[in-house]
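What follows is a single structure, written as C-alpha cells, with notes after it.
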Amino acid sequence: TTVLVLNGPNLGRLGSREPDVYGSGDLDDLCALLTADAPDGVTIDLRQTNDEAELIGWIYEAVDSGFPVILNPAAFTHYSYALRDAAALVSKAGLPLVEVHISNPHARETFRHTSVISGVATGVIAGFGFDSYRLALTAVTRAG
Ligand code: DQA
C-alpha cells in the first residue's frame with residue numbers, strides 16, 4: 001500500500017526554519033528516513049503544501065484510494081475546521097490517520113495547545129522530532 005505523509009504550511013522550510021525547534025533536517029531527509037523504514041510493499045508518498053484546499057484534496061485522495069495518512073497539519077492544527085472535517089472522513093472510511101508534530105505543541109505558546117484535528121485522528125504523536133513520523137509509520141503499517 002501507499003502511505004500518504006502530508007505536511008502543512010511552512011514545513012517546506014524545514015532545515016532552515018527555527019532549527020532550534022524543528023531540527024536541521026529538511027523534507028528530503030525526512031522522506032529518506034521514512035522510505036528506509038518502510039516495510040516491504042509500503043510506498044511513502046510525502047507531500048507539502050501551504051494551501052489548505054490542496055491539503056484537503058489530498059485527504060480526499062487518501063479516502064478514495066484507501067491510503068493511511070500521516071498528517072502534520074502545522075499551523076492549520078490550531079484553527080482549520082475545514083481540515084478537521086476532511087480528516088474526519090478518513091477514520092469514517094476505516095483508515096488510520098495519525099496527527100504528528102515535530103515539536104511538542106503543549107510545551108509552547110498557548111495558541112498551540114489546542115488541536116482541532118486531534119478529536120478526529122486515530123492517534124497523535126508529538127515532540128519526537130522526525131521520529132514522530134517514524135513512530136506514526138510503525139502505527140499505520142501495523143494497523144493497516
Ligand atoms: C508543528 C507545530 C505547529 O504548532 C506549528 O505551527 C508548525 C509545526 C510541529 O510539527 O511541531 O508549523 O506542527
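Naming scheme: A, B, ... for chains in displayed order of the C-alpha cells; residues 1 onward per chain; ligands 1 onward as shown.
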
- Residues near Ala82 of chain A, cut-off 12 Å, only C-alpha atoms, skip fewer than 3 positions along chain, as a PyMOL selection string: chain A and resi 52-57+59+73+76-79+85-89+116-117

- Task: Check every protein, DNA and RNA residue against ligand 1, keep those with an atom at most 8 Å away (counting only C-alpha atoms and all ligand atoms), and present them as a list in words.
- Result: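 Going residue by residue within 8 Å of ligand 1, we get Gly8, Pro9, Asn10, Leu11, Val21, Tyr22, Asn72, Pro73, Ala74, Ala75, Phe76, Thr77, His78, Val100, His101, Ile102, Ser103, Asn104, Pro105, Arg112, Ala126, Gly127 and Gly129 of chain A.
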
- Item | Distance query Ser24 of chain A at most 8 Å, only C-alpha atoms, self and fewer than 6 positions along chain excluded, as number ranges by chain | A: 14-16

- Task: From the DSSP assignment of the backbone, select every residue of chain A that is strand (DSSP E or B), and format the answer as a list in words.
- Result: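 Assigned to strand (DSSP E or B), within chain A: Thr2, Val3, Leu4, Val5, Leu6, Asn7, Thr43, Ile44, Asp45, Leu46, Arg47, Gln48, Val69, Ile70, Leu71, Asn72, Leu97, Val98, Glu99, Val100, His101, Gly123, Val124, Ile125 and Ala126 of chain A.
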
- Query: Restricting the calculation to only C-alpha atoms, which member of A:Ala62, A:Asp26, A:Thr2, A:Lys92 is positioned closest to Gly41 of chain A?
  - Reply: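 When distances to Gly41 of chain A are compared using only C-alpha atoms, the smallest one comes from A:Thr2.
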
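Every protein or nucleic acid residue with an atom no more than 8 Å from Glu99 of chain A, counting only C-alpha atoms and leaving out same-chain residues fewer than 3 positions away, appears here: A:Ile70, A:Leu71, A:Asn72, A:Pro73, A:Ile117, A:Ser118, A:Ala121, A:Thr122, A:Gly123, A:Val124, A:Ile125.
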
Mind dumping the selected residues with N, CA and C atoms as a PDB file, in the first residue's frame?
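part_5.pdb was written with the following content:
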```pdb
ATOM      1  N   ILE A  70      -0.491   9.975   7.397  1.00  0.00           N
ATOM      2  CA  ILE A  70       0.276  10.620   8.468  1.00  0.00           C
ATOM      3  C   ILE A  70       0.219  12.112   8.146  1.00  0.00           C
ATOM      4  N   LEU A  71      -0.334  12.898   9.071  1.00  0.00           N
ATOM      5  CA  LEU A  71      -0.619  14.308   8.796  1.00  0.00           C
ATOM      6  C   LEU A  71       0.055  15.208   9.821  1.00  0.00           C
ATOM      7  N   ASN A  72       0.954  16.083   9.327  1.00  0.00           N
ATOM      8  CA  ASN A  72       1.413  17.191  10.158  1.00  0.00           C
ATOM      9  C   ASN A  72       0.693  18.438   9.655  1.00  0.00           C
ATOM     10  N   PRO A  73      -0.385  18.829  10.324  1.00  0.00           N
ATOM     11  CA  PRO A  73      -1.187  19.947   9.824  1.00  0.00           C
ATOM     12  C   PRO A  73      -0.533  21.306  10.048  1.00  0.00           C
ATOM     13  N   ILE A 117      -7.776  19.068  15.187  1.00  0.00           N
ATOM     14  CA  ILE A 117      -7.640  17.831  14.406  1.00  0.00           C
ATOM     15  C   ILE A 117      -7.676  16.585  15.305  1.00  0.00           C
ATOM     16  N   SER A 118      -7.112  16.694  16.506  1.00  0.00           N
ATOM     17  CA  SER A 118      -6.898  15.508  17.350  1.00  0.00           C
ATOM     18  C   SER A 118      -8.159  14.687  17.576  1.00  0.00           C
ATOM     19  N   ALA A 121      -8.560  12.318  14.785  1.00  0.00           N
ATOM     20  CA  ALA A 121      -7.399  11.491  14.440  1.00  0.00           C
ATOM     21  C   ALA A 121      -7.522  10.130  15.119  1.00  0.00           C
ATOM     22  N   THR A 122      -6.889   9.133  14.529  1.00  0.00           N
ATOM     23  CA  THR A 122      -6.794   7.840  15.189  1.00  0.00           C
ATOM     24  C   THR A 122      -5.909   7.962  16.424  1.00  0.00           C
ATOM     25  N   GLY A 123      -4.823   8.741  16.291  1.00  0.00           N
ATOM     26  CA  GLY A 123      -3.904   8.983  17.397  1.00  0.00           C
ATOM     27  C   GLY A 123      -3.012  10.157  17.076  1.00  0.00           C
ATOM     28  N   VAL A 124      -2.253  10.582  18.080  1.00  0.00           N
ATOM     29  CA  VAL A 124      -1.409  11.775  17.963  1.00  0.00           C
ATOM     30  C   VAL A 124      -0.020  11.451  18.501  1.00  0.00           C
ATOM     31  N   ILE A 125       1.013  11.842  17.747  1.00  0.00           N
ATOM     32  CA  ILE A 125       2.397  11.661  18.201  1.00  0.00           C
ATOM     33  C   ILE A 125       3.108  12.999  18.035  1.00  0.00           C
TER      34      ILE A 125
END
```

Please, which residues in segment 113-142 of chain A fall within 12 Å of segment 27-35 of chain A when counting only C-alpha atoms, and what is the closest atom pair and distance in Å to one decimal for each, ordered by chain then residue number, as a tab-separated table?
```
residue	atom	partner	partner_atom	distance
A:Gly129	CA	A:Leu30	CA	10.1
A:Phe130	CA	A:Leu30	CA	6.6
A:Asp131	CA	A:Leu33	CA	9.2
A:Ser132	CA	A:Leu30	CA	10.7
A:Tyr133	CA	A:Leu34	CA	7.7
A:Arg134	CA	A:Leu34	CA	6.3
A:Leu135	CA	A:Leu34	CA	9.9
A:Ala136	CA	A:Leu34	CA	10.0
A:Leu137	CA	A:Leu34	CA	7.6
A:Thr138	CA	A:Leu34	CA	10.0
A:Thr141	CA	A:Leu34	CA	11.9
```

- Message: Give me, as an MDAnalysis selection string, all polymer residues having an atom no more than 10 Å from Ser91 of chain A, counting only C-alpha atoms and skipping those fewer than 6 positions away in the same chain.
- Response: chainID A and resid 63 68:69 97 120:122

- Which is closer to Arg142 of chain A than all the others in A:Gly25, A:Gly12, A:Pro19, A:Pro96, using only C-alpha atoms?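 Checking each candidate against Arg142 of chain A, we get A:Pro96 as the closest.
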
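Atom CA of Thr114 of chain A to atom CA of Val140 of chain A spans 23.7 Å [interatomic distance, one decimal].
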
- Message: I need the residues in segment 6-135 of chain A that are alpha helix (DSSP H) according to DSSP; give them as a VMD selection string.
- Response: chain A and resid 19 to 22 27 to 37 52 to 65 81 to 92 131 to 135

What does the file look like for those residues with C-alpha atoms, as a PDB file, in the first residue's frame?
```
ATOM      1  CA  PRO A  19      16.260  24.739  13.688  1.00  0.00           C
ATOM      2  CA  ASP A  20      16.321  25.039  17.486  1.00  0.00           C
ATOM      3  CA  VAL A  21      12.653  23.944  17.486  1.00  0.00           C
ATOM      4  CA  TYR A  22      12.394  21.752  14.386  1.00  0.00           C
ATOM      5  CA  LEU A  27      11.761  17.285   3.978  1.00  0.00           C
ATOM      6  CA  ASP A  28      14.079  15.319   1.688  1.00  0.00           C
ATOM      7  CA  ASP A  29      15.868  13.990   4.759  1.00  0.00           C
ATOM      8  CA  LEU A  30      12.514  13.076   6.304  1.00  0.00           C
ATOM      9  CA  CYS A  31      11.417  11.287   3.142  1.00  0.00           C
ATOM     10  CA  ALA A  32      14.679   9.306   3.056  1.00  0.00           C
ATOM     11  CA  LEU A  33      14.241   8.236   6.694  1.00  0.00           C
ATOM     12  CA  LEU A  34      10.672   7.070   6.152  1.00  0.00           C
ATOM     13  CA  THR A  35      11.487   5.317   2.900  1.00  0.00           C
ATOM     14  CA  ALA A  36      14.299   3.438   4.649  1.00  0.00           C
ATOM     15  CA  ASP A  37      11.929   2.439   7.474  1.00  0.00           C
ATOM     16  CA  GLU A  52      -5.471  24.469   2.781  1.00  0.00           C
ATOM     17  CA  ALA A  53      -7.548  23.499  -0.274  1.00  0.00           C
ATOM     18  CA  GLU A  54      -4.746  21.388  -1.727  1.00  0.00           C
ATOM     19  CA  LEU A  55      -4.255  19.605   1.600  1.00  0.00           C
ATOM     20  CA  ILE A  56      -7.984  18.832   1.792  1.00  0.00           C
ATOM     21  CA  GLY A  57      -7.859  17.480  -1.773  1.00  0.00           C
ATOM     22  CA  TRP A  58      -5.033  15.133  -0.796  1.00  0.00           C
ATOM     23  CA  ILE A  59      -7.099  13.846   2.115  1.00  0.00           C
ATOM     24  CA  TYR A  60      -9.962  13.063  -0.285  1.00  0.00           C
ATOM     25  CA  GLU A  61      -7.428  11.203  -2.421  1.00  0.00           C
ATOM     26  CA  ALA A  62      -6.445   9.094   0.606  1.00  0.00           C
ATOM     27  CA  VAL A  63     -10.098   8.306   1.324  1.00  0.00           C
ATOM     28  CA  ASP A  64     -10.876   7.452  -2.293  1.00  0.00           C
ATOM     29  CA  SER A  65      -7.750   5.310  -2.702  1.00  0.00           C
ATOM     30  CA  TYR A  81     -12.255  23.331  10.921  1.00  0.00           C
ATOM     31  CA  ALA A  82     -12.250  22.642   7.180  1.00  0.00           C
ATOM     32  CA  LEU A  83      -9.204  20.403   7.555  1.00  0.00           C
ATOM     33  CA  ARG A  84     -10.785  18.751  10.589  1.00  0.00           C
ATOM     34  CA  ASP A  85     -13.944  17.923   8.651  1.00  0.00           C
ATOM     35  CA  ALA A  86     -11.852  16.431   5.843  1.00  0.00           C
ATOM     36  CA  ALA A  87      -9.723  14.438   8.313  1.00  0.00           C
ATOM     37  CA  ALA A  88     -12.916  13.028   9.869  1.00  0.00           C
ATOM     38  CA  LEU A  89     -13.666  11.321   6.545  1.00  0.00           C
ATOM     39  CA  VAL A  90     -10.509   9.219   6.862  1.00  0.00           C
ATOM     40  CA  SER A  91     -11.477   7.401  10.046  1.00  0.00           C
ATOM     41  CA  LYS A  92     -15.092   7.188   8.808  1.00  0.00           C
ATOM     42  CA  ASP A 131      10.903  10.261  14.972  1.00  0.00           C
ATOM     43  CA  SER A 132       7.275  11.383  15.456  1.00  0.00           C
ATOM     44  CA  TYR A 133       6.740  10.436  11.802  1.00  0.00           C
ATOM     45  CA  ARG A 134       8.715   7.201  12.129  1.00  0.00           C
ATOM     46  CA  LEU A 135       6.581   6.135  15.097  1.00  0.00           C
TER      47      LEU A 135
END
```

- Note on the structure: Pairwise distance, atom CA of Thr1 of chain A with atom CA of Asp40 of chain A, equals 9.6 Å

- Given the choices A:Ala38, A:Ile44, A:Leu95, A:Ala139, which gets closest to Val3 of chain A if the distance is worked out from only C-alpha atoms?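 Ranked by minimum distance to Val3 of chain A, first place goes to A:Ile44.
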
- Task: Using atom CA of Leu6 of chain A and atom CA of Phe67 of chain A as the two end points, give the distance in Å to one decimal.
- Result: 11.7 Å
